[in-house]
$ cat start_0.cif   # mmCIF, C-alpha atoms (C1' of nucleotides)
data_structure
loop_
_atom_site.group_PDB
_atom_site.id
_atom_site.type_symbol
_atom_site.label_atom_id
_atom_site.label_comp_id
_atom_site.auth_asym_id
_atom_site.auth_seq_id
_atom_site.Cartn_x
_atom_site.Cartn_y
_atom_site.Cartn_z
ATOM 1 C CA MET A 1 -11.087 -2.018 -13.908
ATOM 2 C CA SER A 2 -8.044 -2.218 -16.145
ATOM 3 C CA ALA A 3 -9.794 0.762 -17.602
ATOM 4 C CA GLY A 4 -7.923 3.983 -17.778
ATOM 5 C CA HIS A 5 -4.631 4.121 -16.062
ATOM 6 C CA THR A 6 -3.114 5.537 -19.168
ATOM 7 C CA ALA A 7 -2.761 8.941 -17.595
ATOM 8 C CA VAL A 8 0.686 9.447 -16.271
ATOM 9 C CA THR A 9 1.024 12.080 -13.649
ATOM 10 C CA THR A 10 -2.605 12.411 -12.699
ATOM 11 C CA PRO A 11 -3.445 10.870 -9.374
ATOM 12 C CA ALA A 12 -6.780 10.543 -11.170
ATOM 13 C CA ALA A 13 -9.092 8.121 -9.447
ATOM 14 C CA THR A 14 -9.532 4.478 -10.126
ATOM 15 C CA ASP A 15 -10.697 3.618 -6.669
ATOM 16 C CA PRO A 16 -9.462 4.608 -3.253
ATOM 17 C CA VAL A 17 -9.037 1.047 -1.912
ATOM 18 C CA ILE A 18 -8.417 2.355 1.563
ATOM 19 C CA SER A 19 -9.755 5.718 2.446
ATOM 20 C CA CYS A 20 -9.142 6.978 5.926
ATOM 21 C CA ALA A 21 -10.044 10.179 7.633
ATOM 22 C CA THR A 22 -6.448 11.276 7.506
ATOM 23 C CA PRO A 23 -4.122 9.813 4.910
ATOM 24 C CA GLN A 24 -1.456 9.430 7.538
ATOM 25 C CA ASP A 25 -3.758 7.204 9.518
ATOM 26 C CA GLU A 26 -3.364 3.509 9.073
ATOM 27 C CA CYS A 27 -7.030 2.796 9.637
ATOM 28 C CA GLY A 28 -6.093 -0.164 11.764
ATOM 29 C CA VAL A 29 -5.261 -2.195 8.710
ATOM 30 C CA ARG A 30 -1.917 -2.992 10.199
ATOM 31 C CA ASP A 31 -3.639 -4.640 13.143
ATOM 32 C CA VAL A 32 -5.024 -7.305 10.869
ATOM 33 C CA LEU A 33 -2.009 -7.511 8.649
ATOM 34 C CA ASP A 34 0.232 -8.116 11.612
ATOM 35 C CA ARG A 35 -1.784 -11.177 12.454
ATOM 36 C CA LEU A 36 -1.874 -12.304 8.836
ATOM 37 C CA GLY A 37 1.758 -11.604 8.246
ATOM 38 C CA ASP A 38 3.353 -13.632 10.978
ATOM 39 C CA LYS A 39 4.452 -17.116 10.245
ATOM 40 C CA TRP A 40 1.723 -19.186 11.874
ATOM 41 C CA SER A 41 -1.480 -17.264 12.565
ATOM 42 C CA VAL A 42 -3.139 -18.042 9.267
ATOM 43 C CA TYR A 43 -2.607 -21.748 9.721
ATOM 44 C CA VAL A 44 -4.054 -21.687 13.207
ATOM 45 C CA VAL A 45 -7.150 -19.901 11.952
ATOM 46 C CA VAL A 46 -7.425 -22.301 9.039
ATOM 47 C CA GLU A 47 -7.236 -25.369 11.248
ATOM 48 C CA LEU A 48 -9.675 -23.969 13.783
ATOM 49 C CA ALA A 49 -12.100 -23.059 11.019
ATOM 50 C CA SER A 50 -13.284 -26.632 10.924
ATOM 51 C CA GLY A 51 -13.845 -27.044 14.631
ATOM 52 C CA VAL A 52 -12.572 -27.091 18.177
ATOM 53 C CA LEU A 53 -9.096 -28.457 18.743
ATOM 54 C CA ARG A 54 -6.859 -29.173 21.687
ATOM 55 C CA PHE A 55 -3.343 -27.829 21.832
ATOM 56 C CA LYS A 56 -1.522 -30.961 20.790
ATOM 57 C CA GLU A 57 -3.951 -31.771 18.012
ATOM 58 C CA LEU A 58 -3.672 -28.252 16.669
ATOM 59 C CA GLN A 59 0.086 -28.575 16.712
ATOM 60 C CA ARG A 60 -0.058 -31.858 14.824
ATOM 61 C CA ARG A 61 -2.269 -30.485 12.091
ATOM 62 C CA ILE A 62 -0.370 -27.334 11.304
ATOM 63 C CA PRO A 63 1.986 -27.837 8.386
ATOM 64 C CA GLY A 64 5.635 -27.091 8.899
ATOM 65 C CA ASP A 65 6.351 -28.302 12.440
ATOM 66 C CA ILE A 66 5.381 -25.437 14.656
ATOM 67 C CA SER A 67 7.174 -25.500 17.977
ATOM 68 C CA GLN A 68 5.328 -25.579 21.262
ATOM 69 C CA ARG A 69 6.506 -22.102 22.018
ATOM 70 C CA MET A 70 5.394 -20.589 18.744
ATOM 71 C CA LEU A 71 2.004 -22.242 18.917
ATOM 72 C CA THR A 72 1.514 -20.802 22.381
ATOM 73 C CA VAL A 73 2.646 -17.365 21.295
ATOM 74 C CA THR A 74 0.445 -17.454 18.207
ATOM 75 C CA VAL A 75 -2.750 -18.603 19.886
ATOM 76 C CA ARG A 76 -2.218 -16.077 22.649
ATOM 77 C CA ARG A 77 -1.998 -13.256 20.170
ATOM 78 C CA LEU A 78 -5.099 -14.488 18.410
ATOM 79 C CA GLU A 79 -6.863 -14.798 21.735
ATOM 80 C CA ARG A 80 -5.856 -11.281 22.678
ATOM 81 C CA ASP A 81 -7.288 -9.996 19.409
ATOM 82 C CA GLY A 82 -10.553 -11.772 20.091
ATOM 83 C CA LEU A 83 -10.235 -14.156 17.174
ATOM 84 C CA VAL A 84 -9.764 -17.295 19.212
ATOM 85 C CA LYS A 85 -11.392 -18.506 22.401
ATOM 86 C CA ARG A 86 -9.362 -20.552 24.826
ATOM 87 C CA THR A 87 -11.063 -22.845 27.286
ATOM 88 C CA VAL A 88 -9.139 -24.468 30.106
ATOM 89 C CA TYR A 89 -10.471 -27.560 31.838
ATOM 90 C CA PRO A 90 -8.683 -27.854 35.173
ATOM 91 C CA THR A 91 -8.281 -31.588 34.911
ATOM 92 C CA ILE A 92 -5.218 -33.712 35.349
ATOM 93 C CA PRO A 93 -3.635 -33.796 32.907
ATOM 94 C CA PRO A 94 -4.741 -30.352 31.835
ATOM 95 C CA GLN A 95 -6.919 -29.987 28.809
ATOM 96 C CA VAL A 96 -7.205 -26.805 26.787
ATOM 97 C CA GLU A 97 -9.492 -26.286 23.852
ATOM 98 C CA TYR A 98 -9.226 -23.672 21.149
ATOM 99 C CA GLU A 99 -11.943 -22.462 18.851
ATOM 100 C CA LEU A 100 -12.633 -19.501 16.653
ATOM 101 C CA THR A 101 -14.881 -16.750 17.929
ATOM 102 C CA GLY A 102 -17.458 -15.156 15.675
ATOM 103 C CA LEU A 103 -14.866 -12.559 14.826
ATOM 104 C CA GLY A 104 -12.412 -15.289 13.977
ATOM 105 C CA HIS A 105 -14.907 -17.063 11.772
ATOM 106 C CA SER A 106 -15.594 -13.870 9.879
ATOM 107 C CA LEU A 107 -11.925 -13.706 8.974
ATOM 108 C CA THR A 108 -11.878 -17.156 7.422
ATOM 109 C CA HIS A 109 -13.731 -15.833 4.402
ATOM 110 C CA LEU A 110 -10.988 -13.373 3.728
ATOM 111 C CA ILE A 111 -8.316 -15.961 4.255
ATOM 112 C CA LYS A 112 -10.073 -18.241 1.847
ATOM 113 C CA ALA A 113 -10.210 -15.454 -0.721
ATOM 114 C CA LEU A 114 -6.513 -14.851 -0.186
ATOM 115 C CA ALA A 115 -5.748 -18.529 -0.528
ATOM 116 C CA ASP A 116 -7.777 -18.765 -3.710
ATOM 117 C CA TRP A 117 -6.059 -15.779 -5.223
ATOM 118 C CA SER A 118 -2.737 -17.143 -4.166
ATOM 119 C CA ILE A 119 -3.314 -20.561 -5.650
ATOM 120 C CA GLY A 120 -4.853 -19.157 -8.788
ATOM 121 C CA HIS A 121 -2.029 -16.751 -9.487
ATOM 122 C CA ARG A 122 0.808 -18.869 -8.296
ATOM 123 C CA PRO A 123 1.979 -19.732 -11.812
ATOM 124 C CA ALA A 124 1.911 -16.075 -12.817
ATOM 125 C CA ILE A 125 3.953 -15.078 -9.793
ATOM 126 C CA ALA A 126 6.436 -17.872 -10.352
ATOM 127 C CA ALA A 127 6.814 -16.856 -13.984
ATOM 128 C CA ALA A 128 7.316 -13.221 -13.053
ATOM 129 C CA ARG A 129 10.014 -14.168 -10.580
ATOM 130 C CA ALA A 130 11.790 -16.422 -13.018
ATOM 131 C CA SER A 131 11.744 -13.725 -15.643
ATOM 132 C CA TYR A 132 12.922 -11.052 -13.211
ATOM 133 C CA ASP A 133 15.739 -13.232 -11.911
ATOM 134 C CA ALA A 134 16.827 -14.131 -15.414
ATOM 135 C CA ALA A 135 16.915 -10.478 -16.416
ATOM 136 C CA GLN A 136 19.029 -9.652 -13.386
ATOM 137 C CA ARG A 137 21.735 -12.147 -14.254
ATOM 138 C CA GLN A 138 22.636 -10.727 -17.619
ATOM 139 C CA MET B 139 -22.457 -18.542 6.326
ATOM 140 C CA SER B 140 -22.320 -17.594 9.945
ATOM 141 C CA ALA B 141 -24.590 -20.581 10.015
ATOM 142 C CA GLY B 142 -23.823 -23.484 12.254
ATOM 143 C CA HIS B 143 -20.717 -23.400 14.265
ATOM 144 C CA THR B 144 -22.625 -24.433 17.320
ATOM 145 C CA ALA B 145 -21.070 -27.883 17.466
ATOM 146 C CA VAL B 146 -18.295 -28.019 19.977
ATOM 147 C CA THR B 147 -16.012 -30.997 19.936
ATOM 148 C CA THR B 148 -16.691 -32.274 16.470
ATOM 149 C CA PRO B 149 -13.951 -31.498 14.008
ATOM 150 C CA ALA B 150 -16.923 -32.066 11.759
ATOM 151 C CA ALA B 151 -16.784 -29.919 8.697
ATOM 152 C CA THR B 152 -17.674 -26.289 8.418
ATOM 153 C CA ASP B 153 -15.563 -25.624 5.386
ATOM 154 C CA PRO B 154 -12.026 -26.522 4.431
ATOM 155 C CA VAL B 155 -10.906 -22.924 3.821
ATOM 156 C CA ILE B 156 -7.633 -24.059 2.317
ATOM 157 C CA SER B 157 -7.458 -27.496 0.861
ATOM 158 C CA CYS B 158 -4.245 -28.585 -0.724
ATOM 159 C CA ALA B 159 -3.204 -31.800 -2.346
ATOM 160 C CA THR B 160 -1.041 -32.620 0.627
ATOM 161 C CA PRO B 161 -1.835 -31.067 3.979
ATOM 162 C CA GLN B 162 1.851 -30.401 4.489
ATOM 163 C CA ASP B 163 1.868 -28.280 1.375
ATOM 164 C CA GLU B 164 1.519 -24.589 1.799
ATOM 165 C CA CYS B 165 -0.277 -24.098 -1.504
ATOM 166 C CA GLY B 166 1.769 -21.012 -2.139
ATOM 167 C CA VAL B 167 -0.306 -19.025 0.277
ATOM 168 C CA ARG B 168 2.842 -17.958 1.998
ATOM 169 C CA ASP B 169 4.039 -16.335 -1.186
ATOM 170 C CA VAL B 170 1.221 -13.833 -1.003
ATOM 171 C CA LEU B 171 1.262 -13.522 2.734
ATOM 172 C CA ASP B 172 4.930 -12.664 2.703
ATOM 173 C CA ARG B 173 4.166 -9.706 0.497
ATOM 174 C CA LEU B 174 1.163 -8.768 2.598
ATOM 175 C CA GLY B 175 2.965 -9.273 5.842
ATOM 176 C CA ASP B 176 5.919 -7.013 5.384
ATOM 177 C CA LYS B 177 5.722 -3.511 6.643
ATOM 178 C CA TRP B 178 5.226 -1.530 3.465
ATOM 179 C CA SER B 179 4.007 -3.602 0.508
ATOM 180 C CA VAL B 180 0.325 -3.105 1.171
ATOM 181 C CA TYR B 181 0.709 0.650 1.256
ATOM 182 C CA VAL B 182 2.612 0.684 -1.998
ATOM 183 C CA VAL B 183 -0.111 -1.349 -3.682
ATOM 184 C CA VAL B 184 -2.779 0.865 -2.187
ATOM 185 C CA GLU B 185 -1.160 4.047 -3.428
ATOM 186 C CA LEU B 186 -0.499 2.635 -6.865
ATOM 187 C CA ALA B 187 -4.076 1.427 -7.122
ATOM 188 C CA SER B 188 -5.149 4.926 -8.062
ATOM 189 C CA GLY B 189 -2.595 5.497 -10.755
ATOM 190 C CA VAL B 190 0.990 5.799 -11.880
ATOM 191 C CA LEU B 191 3.420 7.402 -9.478
ATOM 192 C CA ARG B 192 7.038 8.411 -9.477
ATOM 193 C CA PHE B 193 9.395 7.303 -6.743
ATOM 194 C CA LYS B 194 9.394 10.470 -4.708
ATOM 195 C CA GLU B 195 5.666 10.987 -4.989
ATOM 196 C CA LEU B 196 5.048 7.416 -3.884
ATOM 197 C CA GLN B 197 7.316 7.972 -0.925
ATOM 198 C CA ARG B 198 5.464 11.120 0.069
ATOM 199 C CA ARG B 199 2.071 9.453 -0.021
ATOM 200 C CA ILE B 200 2.854 6.397 2.010
ATOM 201 C CA PRO B 201 1.909 6.898 5.642
ATOM 202 C CA GLY B 202 4.579 6.401 8.251
ATOM 203 C CA ASP B 203 7.714 7.856 6.673
ATOM 204 C CA ILE B 204 9.143 5.053 4.602
ATOM 205 C CA SER B 205 12.854 5.428 4.022
ATOM 206 C CA GLN B 206 14.306 5.620 0.559
ATOM 207 C CA ARG B 207 15.928 2.286 1.069
ATOM 208 C CA MET B 208 12.790 0.512 2.214
ATOM 209 C CA LEU B 209 10.744 1.919 -0.631
ATOM 210 C CA THR B 210 13.325 0.652 -3.092
ATOM 211 C CA VAL B 211 13.421 -2.766 -1.473
ATOM 212 C CA THR B 212 9.648 -3.022 -1.311
ATOM 213 C CA VAL B 213 9.016 -1.895 -4.825
ATOM 214 C CA ARG B 214 11.665 -4.267 -6.158
ATOM 215 C CA ARG B 215 10.056 -7.218 -4.427
ATOM 216 C CA LEU B 216 6.683 -6.278 -5.849
ATOM 217 C CA GLU B 217 8.226 -5.925 -9.269
ATOM 218 C CA ARG B 218 9.856 -9.315 -8.977
ATOM 219 C CA ASP B 219 6.508 -10.866 -8.098
ATOM 220 C CA GLY B 220 4.946 -9.262 -11.137
ATOM 221 C CA LEU B 221 2.631 -7.001 -9.180
ATOM 222 C CA VAL B 222 4.298 -3.732 -10.103
ATOM 223 C CA LYS B 223 5.765 -2.456 -13.345
ATOM 224 C CA ARG B 224 8.738 -0.159 -13.232
ATOM 225 C CA THR B 225 9.500 2.152 -16.115
ATOM 226 C CA VAL B 226 12.759 4.062 -16.320
ATOM 227 C CA TYR B 227 13.081 7.157 -18.470
ATOM 228 C CA PRO B 228 16.774 7.793 -19.053
ATOM 229 C CA THR B 229 16.480 11.517 -18.644
ATOM 230 C CA ILE B 230 18.436 13.886 -16.491
ATOM 231 C CA PRO B 231 17.436 13.961 -13.772
ATOM 232 C CA PRO B 232 16.259 10.363 -13.945
ATOM 233 C CA GLN B 233 12.582 9.643 -13.850
ATOM 234 C CA VAL B 234 11.089 6.332 -12.811
ATOM 235 C CA GLU B 235 7.426 5.487 -12.831
ATOM 236 C CA TYR B 236 5.661 2.768 -10.952
ATOM 237 C CA GLU B 237 2.289 1.275 -11.702
ATOM 238 C CA LEU B 238 0.363 -1.853 -10.873
ATOM 239 C CA THR B 239 0.255 -4.666 -13.381
ATOM 240 C CA GLY B 240 -2.960 -6.559 -14.054
ATOM 241 C CA LEU B 241 -1.885 -9.014 -11.410
ATOM 242 C CA GLY B 242 -1.316 -6.174 -9.005
ATOM 243 C CA HIS B 243 -4.697 -4.682 -9.721
ATOM 244 C CA SER B 244 -6.379 -8.008 -9.079
ATOM 245 C CA LEU B 245 -4.888 -7.981 -5.591
ATOM 246 C CA THR B 246 -6.377 -4.632 -4.703
ATOM 247 C CA HIS B 247 -9.806 -6.206 -4.353
ATOM 248 C CA LEU B 248 -8.509 -8.496 -1.668
ATOM 249 C CA ILE B 249 -6.673 -5.706 0.050
ATOM 250 C CA LYS B 250 -9.807 -3.642 -0.018
ATOM 251 C CA ALA B 251 -11.749 -6.518 1.531
ATOM 252 C CA LEU B 252 -9.078 -6.817 4.186
ATOM 253 C CA ALA B 253 -9.150 -3.104 4.850
ATOM 254 C CA ASP B 254 -12.927 -3.110 5.118
ATOM 255 C CA TRP B 255 -12.898 -6.009 7.531
ATOM 256 C CA SER B 256 -10.161 -4.363 9.483
ATOM 257 C CA ILE B 257 -11.917 -1.037 9.761
ATOM 258 C CA GLY B 258 -15.269 -2.631 10.459
ATOM 259 C CA HIS B 259 -13.976 -4.833 13.237
ATOM 260 C CA ARG B 260 -11.469 -2.466 14.683
ATOM 261 C CA PRO B 261 -13.617 -1.630 17.697
ATOM 262 C CA ALA B 262 -14.199 -5.302 18.416
ATOM 263 C CA ILE B 263 -10.496 -6.041 18.254
ATOM 264 C CA ALA B 264 -9.639 -3.077 20.439
ATOM 265 C CA ALA B 265 -12.222 -4.168 22.977
ATOM 266 C CA ALA B 266 -10.916 -7.722 22.976
ATOM 267 C CA ARG B 267 -7.401 -6.492 23.564
ATOM 268 C CA ALA B 268 -8.413 -4.168 26.353
ATOM 269 C CA SER B 269 -10.343 -6.927 28.035
ATOM 270 C CA TYR B 270 -7.503 -9.414 27.615
ATOM 271 C CA ASP B 271 -4.924 -6.998 28.944
ATOM 272 C CA ALA B 272 -7.118 -6.101 31.898
ATOM 273 C CA ALA B 273 -7.592 -9.760 32.765
ATOM 274 C CA GLN B 274 -3.836 -10.321 32.629
ATOM 275 C CA ARG B 275 -3.085 -7.645 35.171
ATOM 276 C CA GLN B 276 -5.083 -9.055 38.018
ATOM 277 C "C1'" DC C 277 -0.778 -32.287 28.692
ATOM 278 C "C1'" DC C 278 0.080 -27.602 28.337
ATOM 279 C "C1'" DG C 279 2.535 -24.641 29.015
ATOM 280 C "C1'" DT C 280 6.740 -20.757 30.668
ATOM 281 C "C1'" DA C 281 11.681 -19.084 30.779
ATOM 282 C "C1'" DT C 282 16.054 -18.374 28.632
ATOM 283 C "C1'" DC C 283 18.992 -17.748 25.260
ATOM 284 C "C1'" DC C 284 20.520 -17.566 20.530
ATOM 285 C "C1'" DA C 285 20.358 -17.058 15.268
ATOM 286 C "C1'" DG C 286 18.361 -15.102 11.263
ATOM 287 C "C1'" DT C 287 15.750 -11.736 9.118
ATOM 288 C "C1'" DT C 288 13.837 -7.244 8.551
ATOM 289 C "C1'" DT C 289 14.090 -2.510 9.049
ATOM 290 C "C1'" DG C 290 16.283 1.934 9.607
ATOM 291 C "C1'" DA C 291 20.111 5.797 9.626
ATOM 292 C "C1'" DT C 292 23.456 7.630 7.176
ATOM 293 C "C1'" DA C 293 26.442 8.643 3.518
ATOM 294 C "C1'" DC C 294 27.535 8.562 -1.207
ATOM 295 C "C1'" DT C 295 26.587 8.361 -6.724
ATOM 296 C "C1'" DG C 296 25.089 8.756 -11.871
ATOM 297 C "C1'" DC D 297 15.715 12.354 -8.840
ATOM 298 C "C1'" DA D 298 16.378 7.832 -7.858
ATOM 299 C "C1'" DG D 299 18.871 5.142 -6.344
ATOM 300 C "C1'" DT D 300 23.220 1.888 -3.867
ATOM 301 C "C1'" DA D 301 26.288 0.627 0.079
ATOM 302 C "C1'" DT D 302 27.225 -0.071 4.713
ATOM 303 C "C1'" DC D 303 26.346 -0.772 9.271
ATOM 304 C "C1'" DA D 304 23.608 -1.085 13.434
ATOM 305 C "C1'" DA D 305 19.148 -1.823 15.838
ATOM 306 C "C1'" DA D 306 14.906 -4.255 16.385
ATOM 307 C "C1'" DC D 307 12.015 -7.906 15.870
ATOM 308 C "C1'" DT D 308 10.813 -12.763 14.998
ATOM 309 C "C1'" DG D 309 11.321 -17.397 15.291
ATOM 310 C "C1'" DG D 310 13.447 -21.671 17.130
ATOM 311 C "C1'" DA D 311 16.030 -24.988 20.513
ATOM 312 C "C1'" DT D 312 16.195 -26.352 24.849
ATOM 313 C "C1'" DA D 313 15.114 -27.032 29.565
ATOM 314 C "C1'" DC D 314 12.044 -26.913 33.221
ATOM 315 C "C1'" DG D 315 7.226 -26.607 35.881
ATOM 316 C "C1'" DG D 316 2.087 -27.254 37.429
#
$ encode --input "start_0.cif" --output "structure tokens"
Amino acid sequence: MSAGHTAVTTPAATDPVISCATPQDECGVRDVLDRLGDKWSVYVVVELASGVLRFKELQRRIPGDISQRMLTVTVRRLERDGLVKRTVYPTIPPQVEYELTGLGHSLTHLIKALADWSIGHRPAIAAARASYDAAQRQ
Amino acid sequence: MSAGHTAVTTPAATDPVISCATPQDECGVRDVLDRLGDKWSVYVVVELASGVLRFKELQRRIPGDISQRMLTVTVRRLERDGLVKRTVYPTIPPQVEYELTGLGHSLTHLIKALADWSIGHRPAIAAARASYDAAQRQ
DNA sequence: CCGTATCCAGTTTGATACTG
DNA sequence: CAGTATCAAACTGGATACGG
């Protein structure tokens, strides 16, 4: 790419990126983005990518002190979307295990790609912000 | 991949997905996710992926009736992050063009991957939700 | 241990009106 | 045309307390 976007008003065609039946359709992209965009889901998926974890252990591993409530809410949403499997052992005290489903595992590749991009371009983004903020102040 | 995640209790090691210097560090992943997680940014990037667009035209193309205010806010954030370039022509009436920067273009690959995953697994997610919701009601 | 219920604070988004 | 300003509504996340 980086080829010809010299044209100005032409909608031309570099690549469609997302092509839906109807342009007004969201193609369900929002469904995924919602789960990627909330504060904790990505971390839960990341931690579960390496294996099965119990609630408390999951909570301990997630960076940034997730509250009990938010961990519950987050894993429930992921479970509802079929990304996480929740297994309850009716013991005393109760024991609940969380693991990624096949669907969940297939998402880890994308998250890794996102993380790589993010880490790789972090300096560029930081520089852009600094420059933008500096320009705003004068 | 899709190889062995048959092990159950072992935190073992499938793959680290995101490995930072310190586990408490976010590695800047949130920086990207913030831009991917808000309601409109992805659509702006998607529309700009195919070429340069003026404000009004961008607004028309984005699905879901984005308000003038939200388009301004979104596009400004993307500009600040160095993903979008904004060019003002001091004409009357004013004319402002938006286009992706190189950084912005490099993100479209990831967004495309996300969109593909999303579209491909939409039925699975819908099924999981239906099943989860049904189970909740009884 | 693994939650749920309540309530509150902060952020994000949207409606509307106005301007160079 | 391309914004800005203002205000209200909605949503999200967090603190706390309690329960099986």
$ closest_atom_pairs --input "start_0.cif" --of "chain C" --to "chain B" --cutoff "12 Å" --atoms "only C-alpha atoms (C1' of nucleotides)" --output "tab-separated table"
residue	atom	partner	partner_atom	distance
C:DT287	C1'	B:Asp176	CA	11.5
C:DT288	C1'	B:Asp176	CA	8.5
C:DT289	C1'	B:Met208	CA	7.6
C:DG290	C1'	B:Ser205	CA	7.4
C:DA291	C1'	B:Ser205	CA	9.2
C:DT292	C1'	B:Arg207	CA	11.1
C:DG296	C1'	B:Pro232	CA	9.2
$ interface_residues --input "start_0.cif" --of "chain D" --to "chain A" --cutoff "12 Å" --atoms "all atoms listed in the file" --output "CSV table (one decimal) with C-alpha atoms (C1' of nucleotides), in the frame of the given file"
chain,number,residue,atom,x,y,z
D,307,DC,C1',12.0,-7.9,15.9
D,308,DT,C1',10.8,-12.8,15.0
D,309,DG,C1',11.3,-17.4,15.3
D,310,DG,C1',13.4,-21.7,17.1
D,311,DA,C1',16.0,-25.0,20.5
D,312,DT,C1',16.2,-26.4,24.8
D,316,DG,C1',2.1,-27.3,37.4
$ residues_around --input "start_0.cif" --residues "stretch 256-260 of chain B" --least-positions-apart "4" --cutoff "9 Å" --atoms "all atoms listed in the file" --output "list of chain:residue names"
A:Cys27, A:Gly28, A:Val29, A:Arg30, A:Asp31, A:Val32, A:Leu33, A:Leu103, B:Ala251, B:Leu252, B:Ala264, B:Ala265
$ atom_distance --input "start_0.cif" --atom1 "atom CA of A:Val84" --atom2 "atom CA of A:Ser106"
11.5 Å
$ resolve_selection --input "start_0.cif" --expression "the PyMOL selection byres ((chain A and resi 95) around 10)" --output "ChimeraX atom specification"
/A:54-56,87-94,96-97 /C:277-278
$ write_last_selection --input "start_0.cif" --atoms "C-alpha atoms (C1' of nucleotides)" --output "short mmCIF file (atom, residue, chain, number, x, y, z; two decimals), keeping the file's coordinate frame"
data_model
loop_
_atom_site.label_atom_id
_atom_site.label_comp_id
_atom_site.auth_asym_id
_atom_site.auth_seq_id
_atom_site.Cartn_x
_atom_site.Cartn_y
_atom_site.Cartn_z
CA ARG A 54 -6.86 -29.17 21.69
CA PHE A 55 -3.34 -27.83 21.83
CA LYS A 56 -1.52 -30.96 20.79
CA THR A 87 -11.06 -22.84 27.29
CA VAL A 88 -9.14 -24.47 30.11
CA TYR A 89 -10.47 -27.56 31.84
CA PRO A 90 -8.68 -27.85 35.17
CA THR A 91 -8.28 -31.59 34.91
CA ILE A 92 -5.22 -33.71 35.35
CA PRO A 93 -3.64 -33.80 32.91
CA PRO A 94 -4.74 -30.35 31.84
CA VAL A 96 -7.20 -26.80 26.79
CA GLU A 97 -9.49 -26.29 23.85
"C1'" DC C 277 -0.78 -32.29 28.69
"C1'" DC C 278 0.08 -27.60 28.34
#
$ closest_residue --input "start_0.cif" --among "A:Lys85, A:Leu100, A:Lys112, A:Val73" --to "chain B" --atoms "only C-alpha atoms"
A:Lys112
$ atom_distance --input "start_0.cif" --atom1 "atom CA of B:Val182" --atom2 "atom CA of B:Gly242"
10.6 Å
$ resolve_selection --input "start_0.cif" --expression "the PyMOL selection byres ((chain D and resi 302) around 10)" --output "PyMOL selection string"
(chain C and resi 292-293) or (chain D and resi 300-301+303-304)
$ atom_distance --input "start_0.cif" --atom1 "atom CA of A:Leu58" --atom2 "atom CA of B:Ala273"
24.8 Å
$ closest_residue --input "start_0.cif" --among "A:Leu71, A:Gln138, A:Val52, A:Tyr43" --to "chain B" --atoms "only C-alpha atoms"
A:Val52
$ resolve_selection --input "start_0.cif" --expression "the PyMOL selection byres ((chain A and resi 128) around 9)" --output "ChimeraX atom specification"
/A:123-127,129-133 /B:217-221
$ residues_around --input "start_0.cif" --residues "D:DC314" --least-positions-apart "4" --cutoff "12 Å" --atoms "all atoms listed in the file" --output "list in words"
DG279, DT280, DA281 and DT282 of chain C
$ closest_residue --input "start_0.cif" --among "B:Thr210, B:Thr239, B:Ser188, B:Gln197" --to "chain A" --atoms "only C-alpha atoms"
B:Ser188
$ closest_residue --input "start_0.cif" --among "B:His243, B:Trp255, B:Arg214, B:Gly175" --to "chain A" --atoms "all atoms listed in the file"
B:Gly175
$ closest_residue --input "start_0.cif" --among "B:Arg173, B:Pro201, B:Gln274, B:Arg224" --to "chain A" --atoms "all atoms listed in the file"
B:Pro201
$ axis_aligned_box --input "start_0.cif" --around "stretch 47-66 of chain A" --padding-each-side "3 Å" --output "lines of an AutoDock Vina configuration file"
center_x = -3.7
center_y = -27.5
center_z = 15.1
size_x = 26.2
size_y = 14.8
size_z = 19.4
$ closest_residue --input "start_0.cif" --among "A:Val42, A:Ala115, A:Leu48, A:Leu78" --to "chain B" --atoms "all atoms listed in the file"
A:Ala115
$ build_atoms --input "start_0.cif" --residues "stretch 63-69 of chain A" --atoms "N, CA, C and O atoms" --output "PDB file, in the coordinates of the input"
ATOM      1  N   PRO A  63       0.863 -27.439   9.224  1.00  0.00           N
ATOM      2  CA  PRO A  63       1.986 -27.837   8.386  1.00  0.00           C
ATOM      3  C   PRO A  63       3.243 -27.068   8.742  1.00  0.00           C
ATOM      4  O   PRO A  63       3.185 -25.889   9.079  1.00  0.00           O
ATOM      5  N   GLY A  64       4.359 -27.755   8.728  1.00  0.00           N
ATOM      6  CA  GLY A  64       5.635 -27.091   8.899  1.00  0.00           C
ATOM      7  C   GLY A  64       6.225 -27.149  10.288  1.00  0.00           C
ATOM      8  O   GLY A  64       7.112 -26.374  10.626  1.00  0.00           O
ATOM      9  N   ASP A  65       5.736 -28.082  11.129  1.00  0.00           N
ATOM     10  CA  ASP A  65       6.351 -28.302  12.440  1.00  0.00           C
ATOM     11  C   ASP A  65       6.454 -27.058  13.300  1.00  0.00           C
ATOM     12  O   ASP A  65       7.546 -26.553  13.578  1.00  0.00           O
ATOM     13  N   ILE A  66       5.359 -26.576  13.743  1.00  0.00           N
ATOM     14  CA  ILE A  66       5.381 -25.437  14.656  1.00  0.00           C
ATOM     15  C   ILE A  66       5.828 -25.898  16.040  1.00  0.00           C
ATOM     16  O   ILE A  66       5.422 -26.963  16.515  1.00  0.00           O
ATOM     17  N   SER A  67       6.696 -25.122  16.646  1.00  0.00           N
ATOM     18  CA  SER A  67       7.174 -25.500  17.977  1.00  0.00           C
ATOM     19  C   SER A  67       6.113 -25.172  19.015  1.00  0.00           C
ATOM     20  O   SER A  67       5.199 -24.380  18.776  1.00  0.00           O
ATOM     21  N   GLN A  68       6.270 -25.807  20.167  1.00  0.00           N
ATOM     22  CA  GLN A  68       5.328 -25.579  21.262  1.00  0.00           C
ATOM     23  C   GLN A  68       5.274 -24.095  21.603  1.00  0.00           C
ATOM     24  O   GLN A  68       4.204 -23.517  21.768  1.00  0.00           O
ATOM     25  N   ARG A  69       6.434 -23.511  21.675  1.00  0.00           N
ATOM     26  CA  ARG A  69       6.506 -22.102  22.018  1.00  0.00           C
ATOM     27  C   ARG A  69       5.766 -21.220  21.016  1.00  0.00           C
ATOM     28  O   ARG A  69       4.964 -20.361  21.383  1.00  0.00           O
TER      29      ARG A  69
END
